[in-house]
Amino acid sequence: MSTPILRIVVTDANVLINLMHVSRLGLLAKIPNHEFVVPEHVREEITIAEQRTTLDAAVTAGWLKIEVIDDIGAITVFTELIAHIGRGEAACIAIAAQKGWLIASDEKKRFLREATARVGVGHVLTTVDVFVLAIKAGLLTIEEADADKITLEGRRFKVSFGSYRELVK
């Protein structure tokens with residue numbers, strides 16, 4: 001029997017904040033075969049005191065790890081990208097591209113084009129993907145995920161499906 005591959009995911013602020021809105025940040029520590037890291041630049045984007053406290057507590061608890069850009073290649077990519085996208089998003093792409101990791105972000109347009117070009121098609125997870133992984137791992141029921149979906153929709157997070165039941169087969 002082979003050991004499952006650990007998938008490391010560089011996580012953007014929008015995914016973290018969405019999970020905080022529904023008190024589900026702890027899911028990131030429980031999803032099997034995944035480890036979630038947060039670039040220091042993303043941590044700096046979390047400026048609401050309660051959210052920063054929650055993020056720091058998750059790091060202290062070992063749910064998340066802070067990642068610093070310290071490779072010259074990643075620094076170069078980061079510097080190129082910040083002319084077009086935010087610092088947190090640029091950091092996610094730079095780290096993931098350098099290390100061959102995945103990215104968790106709900107950003108679209110330029111970010112998604114850059115991420116796909118630099119880390120590959122299918123290497124960007126969204127908040128919805130995190131919920132699907134949690135459901136498949138038995139960490140959340142579809143009903144719990146759907147209730148969280150309604151809460152997030154009230155915070156302007158729109159999705160194109162009615163229920164997670166449509167995504168989990």
# chains A, B, ... in the order shown; residues from 1 in each chain; ligands from 1

$ select_by_dssp --residues "stretch 86-169 of chain A" --states "strand (DSSP E)" --output "list in words"
Leu102, Ile103, Ala104, Val124 and Leu125 of chain A

$ write_last_selection --atoms "C-alpha atoms" --output "compact mmCIF listing (two decimals), in the first residue's frame"
# COMPACT_ATOMS: atom_id res chain seq x y z
CA LEU A 102 -1.00 24.28 -5.11
CA ILE A 103 -2.73 27.62 -4.50
CA ALA A 104 -6.02 28.26 -2.69
CA VAL A 124 -5.73 26.45 -8.00
CA LEU A 125 -8.29 25.47 -5.37

$ residues_around --residues "A:Lys136" --least-positions-apart "2" --cutoff "12 Å" --atoms "only C-alpha atoms" --output "ChimeraX atom specification"
/A:30-32,129-134,138-142,145,164-165,167-169

$ closest_residue --among "A:Val119, A:Phe78, A:Met20, A:Pro39" --to "A:Thr54" --atoms "only C-alpha atoms"
A:Met20

$ select_by_dssp --residues "stretch 53-151 of chain A" --states "helix (DSSP H, G or I)" --output "compact mmCIF listing (two decimals) with N, CA and C atoms, in the first residue's frame"
# COMPACT_ATOMS: atom_id res chain seq x y z
N THR A 53 -6.22 37.80 14.89
CA THR A 53 -6.10 36.97 16.09
C THR A 53 -6.44 35.52 15.77
N THR A 54 -7.49 35.31 14.99
CA THR A 54 -7.90 33.95 14.60
C THR A 54 -6.81 33.29 13.76
N LEU A 55 -6.25 34.03 12.81
CA LEU A 55 -5.19 33.48 11.97
C LEU A 55 -3.96 33.13 12.81
N ASP A 56 -3.56 34.05 13.68
CA ASP A 56 -2.38 33.79 14.52
C ASP A 56 -2.60 32.60 15.45
N ALA A 57 -3.82 32.45 15.95
CA ALA A 57 -4.13 31.29 16.79
C ALA A 57 -4.05 29.99 15.99
N ALA A 58 -4.49 30.04 14.73
CA ALA A 58 -4.41 28.85 13.87
C ALA A 58 -2.95 28.48 13.60
N VAL A 59 -2.10 29.48 13.44
CA VAL A 59 -0.68 29.22 13.24
C VAL A 59 -0.08 28.62 14.51
N THR A 60 -0.39 29.21 15.64
CA THR A 60 0.10 28.71 16.93
C THR A 60 -0.34 27.27 17.17
N ALA A 61 -1.59 26.97 16.79
CA ALA A 61 -2.13 25.62 16.98
C ALA A 61 -1.56 24.61 15.97
N ILE A 72 15.64 33.46 -4.44
CA ILE A 72 15.82 34.55 -5.41
C ILE A 72 14.87 34.42 -6.60
N GLY A 73 14.61 33.20 -7.04
CA GLY A 73 13.67 32.99 -8.14
C GLY A 73 12.26 33.41 -7.76
N ALA A 74 11.84 33.04 -6.56
CA ALA A 74 10.51 33.41 -6.08
C ALA A 74 10.42 34.92 -5.86
N ILE A 75 11.49 35.52 -5.36
CA ILE A 75 11.50 36.98 -5.17
C ILE A 75 11.36 37.68 -6.51
N THR A 76 12.02 37.15 -7.53
CA THR A 76 11.92 37.74 -8.87
C THR A 76 10.49 37.65 -9.40
N VAL A 77 9.87 36.50 -9.26
CA VAL A 77 8.48 36.32 -9.72
C VAL A 77 7.56 37.25 -8.93
N PHE A 78 7.74 37.31 -7.63
CA PHE A 78 6.93 38.19 -6.78
C PHE A 78 7.03 39.63 -7.26
N THR A 79 8.26 40.08 -7.50
CA THR A 79 8.49 41.46 -7.94
C THR A 79 7.83 41.74 -9.29
N GLU A 80 7.88 40.78 -10.20
CA GLU A 80 7.21 40.94 -11.50
C GLU A 80 5.70 41.06 -11.32
N LEU A 81 5.16 40.24 -10.45
CA LEU A 81 3.70 40.15 -10.31
C LEU A 81 3.07 41.32 -9.58
N ARG A 87 -0.13 42.02 -3.40
CA ARG A 87 1.05 41.41 -2.81
C ARG A 87 0.78 39.99 -2.30
N GLY A 88 -0.35 39.78 -1.68
CA GLY A 88 -0.68 38.45 -1.18
C GLY A 88 -0.84 37.45 -2.30
N GLU A 89 -1.57 37.85 -3.34
CA GLU A 89 -1.77 36.98 -4.49
C GLU A 89 -0.44 36.69 -5.19
N ALA A 90 0.38 37.74 -5.34
CA ALA A 90 1.70 37.57 -5.96
C ALA A 90 2.56 36.61 -5.15
N ALA A 91 2.50 36.72 -3.84
CA ALA A 91 3.28 35.83 -2.97
C ALA A 91 2.81 34.38 -3.13
N CYS A 92 1.51 34.18 -3.20
CA CYS A 92 0.98 32.82 -3.39
C CYS A 92 1.53 32.20 -4.67
N ILE A 93 1.46 32.94 -5.75
CA ILE A 93 1.94 32.42 -7.04
C ILE A 93 3.44 32.19 -7.00
N ALA A 94 4.20 33.13 -6.46
CA ALA A 94 5.66 33.01 -6.44
C ALA A 94 6.10 31.78 -5.65
N ILE A 95 5.50 31.57 -4.50
CA ILE A 95 5.87 30.42 -3.66
C ILE A 95 5.45 29.11 -4.32
N ALA A 96 4.20 29.07 -4.80
CA ALA A 96 3.71 27.84 -5.42
C ALA A 96 4.52 27.48 -6.67
N ALA A 97 4.88 28.49 -7.46
CA ALA A 97 5.65 28.23 -8.67
C ALA A 97 7.05 27.71 -8.32
N GLN A 98 7.65 28.28 -7.30
CA GLN A 98 9.01 27.88 -6.91
C GLN A 98 9.03 26.46 -6.35
N LYS A 99 8.01 26.12 -5.56
CA LYS A 99 8.05 24.85 -4.84
C LYS A 99 7.17 23.76 -5.45
N LYS A 109 -9.65 36.52 -13.10
CA LYS A 109 -9.02 37.38 -14.10
C LYS A 109 -7.51 37.23 -14.15
N ARG A 110 -6.79 38.34 -13.95
CA ARG A 110 -5.33 38.35 -14.11
C ARG A 110 -4.65 37.35 -13.18
N PHE A 111 -5.11 37.30 -11.92
CA PHE A 111 -4.52 36.35 -10.98
C PHE A 111 -4.61 34.93 -11.52
N LEU A 112 -5.80 34.54 -11.93
CA LEU A 112 -6.01 33.17 -12.38
C LEU A 112 -5.19 32.87 -13.63
N ARG A 113 -5.08 33.82 -14.54
CA ARG A 113 -4.24 33.63 -15.73
C ARG A 113 -2.78 33.44 -15.33
N GLU A 114 -2.29 34.28 -14.43
CA GLU A 114 -0.89 34.18 -13.98
C GLU A 114 -0.65 32.87 -13.23
N ALA A 115 -1.56 32.51 -12.35
CA ALA A 115 -1.41 31.28 -11.57
C ALA A 115 -1.39 30.06 -12.49
N THR A 116 -2.30 30.03 -13.44
CA THR A 116 -2.36 28.90 -14.37
C THR A 116 -1.09 28.83 -15.22
N ALA A 117 -0.61 29.96 -15.68
CA ALA A 117 0.60 29.98 -16.49
C ALA A 117 1.82 29.53 -15.70
N ARG A 118 1.87 29.86 -14.42
CA ARG A 118 3.09 29.60 -13.64
C ARG A 118 3.06 28.31 -12.84
N VAL A 119 1.86 27.84 -12.44
CA VAL A 119 1.80 26.60 -11.66
C VAL A 119 1.01 25.50 -12.35
N THR A 127 -12.44 28.34 -2.36
CA THR A 127 -13.18 28.05 -1.12
C THR A 127 -14.12 26.87 -1.33
N VAL A 128 -14.80 26.86 -2.46
CA VAL A 128 -15.72 25.76 -2.77
C VAL A 128 -14.97 24.43 -2.80
N ASP A 129 -13.80 24.41 -3.42
CA ASP A 129 -13.00 23.17 -3.46
C ASP A 129 -12.62 22.70 -2.05
N VAL A 130 -12.30 23.64 -1.17
CA VAL A 130 -11.97 23.28 0.21
C VAL A 130 -13.18 22.63 0.88
N PHE A 131 -14.37 23.19 0.67
CA PHE A 131 -15.58 22.59 1.23
C PHE A 131 -15.82 21.19 0.66
N VAL A 132 -15.61 21.02 -0.64
CA VAL A 132 -15.80 19.71 -1.25
C VAL A 132 -14.82 18.69 -0.66
N LEU A 133 -13.56 19.09 -0.51
CA LEU A 133 -12.57 18.20 0.11
C LEU A 133 -13.01 17.81 1.53
N ALA A 134 -13.52 18.79 2.28
CA ALA A 134 -13.97 18.52 3.66
C ALA A 134 -15.17 17.57 3.68
N ILE A 135 -16.10 17.77 2.76
CA ILE A 135 -17.26 16.88 2.69
C ILE A 135 -16.81 15.46 2.36
N LYS A 136 -15.96 15.32 1.35
CA LYS A 136 -15.48 14.00 0.93
C LYS A 136 -14.70 13.30 2.03
N ILE A 142 -23.14 17.69 3.83
CA ILE A 142 -23.62 18.57 2.76
C ILE A 142 -24.51 19.66 3.35
N GLU A 143 -25.33 19.29 4.31
CA GLU A 143 -26.23 20.27 4.93
C GLU A 143 -25.45 21.37 5.65
N GLU A 144 -24.38 21.00 6.35
CA GLU A 144 -23.54 22.01 7.02
C GLU A 144 -22.87 22.92 5.99
N ALA A 145 -22.36 22.33 4.92
CA ALA A 145 -21.71 23.12 3.87
C ALA A 145 -22.71 24.05 3.20
N ASP A 146 -23.93 23.57 2.96
CA ASP A 146 -24.96 24.41 2.35
C ASP A 146 -25.35 25.57 3.27
N ALA A 147 -25.41 25.32 4.57
CA ALA A 147 -25.71 26.40 5.52
C ALA A 147 -24.58 27.44 5.49
N ASP A 148 -23.34 26.98 5.42
CA ASP A 148 -22.20 27.90 5.32
C ASP A 148 -22.24 28.67 4.00
N LYS A 149 -22.67 28.01 2.94
CA LYS A 149 -22.80 28.66 1.63
C LYS A 149 -23.78 29.83 1.72
N ILE A 150 -24.87 29.63 2.39
CA ILE A 150 -25.86 30.70 2.56
C ILE A 150 -25.27 31.87 3.34
N THR A 151 -24.54 31.56 4.40
CA THR A 151 -23.89 32.61 5.19
C THR A 151 -22.90 33.39 4.33

$ residues_around --residues "A:Glu45" --least-positions-apart "6" --cutoff "10 Å" --atoms "only C-alpha atoms" --output "PDB file with N, CA and C atoms, in the first residue's frame"
ATOM      1  N   ASP A  12      -4.470  32.003   0.021  1.00  0.00           N
ATOM      2  CA  ASP A  12      -4.695  33.439  -0.112  1.00  0.00           C
ATOM      3  C   ASP A  12      -5.694  33.922   0.947  1.00  0.00           C
ATOM      4  N   ALA A  13      -5.689  35.228   1.166  1.00  0.00           N
ATOM      5  CA  ALA A  13      -6.530  35.826   2.210  1.00  0.00           C
ATOM      6  C   ALA A  13      -8.012  35.572   1.991  1.00  0.00           C
ATOM      7  N   ASN A  14      -8.491  35.604   0.745  1.00  0.00           N
ATOM      8  CA  ASN A  14      -9.929  35.458   0.537  1.00  0.00           C
ATOM      9  C   ASN A  14     -10.452  34.101   1.001  1.00  0.00           C
ATOM     10  N   ARG A  52      -7.119  38.652  12.396  1.00  0.00           N
ATOM     11  CA  ARG A  52      -5.682  38.453  12.612  1.00  0.00           C
ATOM     12  C   ARG A  52      -5.455  37.571  13.833  1.00  0.00           C
ATOM     13  N   GLY A  86      -2.208  41.985  -6.403  1.00  0.00           N
ATOM     14  CA  GLY A  86      -1.893  42.290  -5.020  1.00  0.00           C
ATOM     15  C   GLY A  86      -0.703  41.506  -4.482  1.00  0.00           C
ATOM     16  N   ARG A  87      -0.134  42.024  -3.405  1.00  0.00           N
ATOM     17  CA  ARG A  87       1.050  41.410  -2.808  1.00  0.00           C
ATOM     18  C   ARG A  87       0.782  39.992  -2.304  1.00  0.00           C
ATOM     19  N   GLY A  88      -0.349  39.783  -1.677  1.00  0.00           N
ATOM     20  CA  GLY A  88      -0.676  38.448  -1.180  1.00  0.00           C
ATOM     21  C   GLY A  88      -0.838  37.446  -2.305  1.00  0.00           C
TER      22      GLY A  88
END

$ atom_distance --atom1 "atom CA of A:Ala137" --atom2 "atom CA of A:Thr11"
19.4 Å

$ closest_residue --among "A:Glu153, A:Arg43, A:Lys65, A:Lys158" --to "A:Asp106" --atoms "only C-alpha atoms"
A:Lys158

$ closest_residue --among "A:Arg7, A:His41, A:His21, A:Lys108" --to "A:Gly154" --atoms "only C-alpha atoms"
A:His21

$ atom_distance --atom1 "atom CA of A:Glu67" --atom2 "atom CA of A:Arg155"
28.1 Å

$ atom_distance --atom1 "atom CA of A:Val68" --atom2 "atom CA of A:Ile48"
21.3 Å

$ closest_residue --among "A:Leu27, A:Leu152, A:Val22, A:Leu16" --to "A:Val42" --atoms "only C-alpha atoms"
A:Leu16
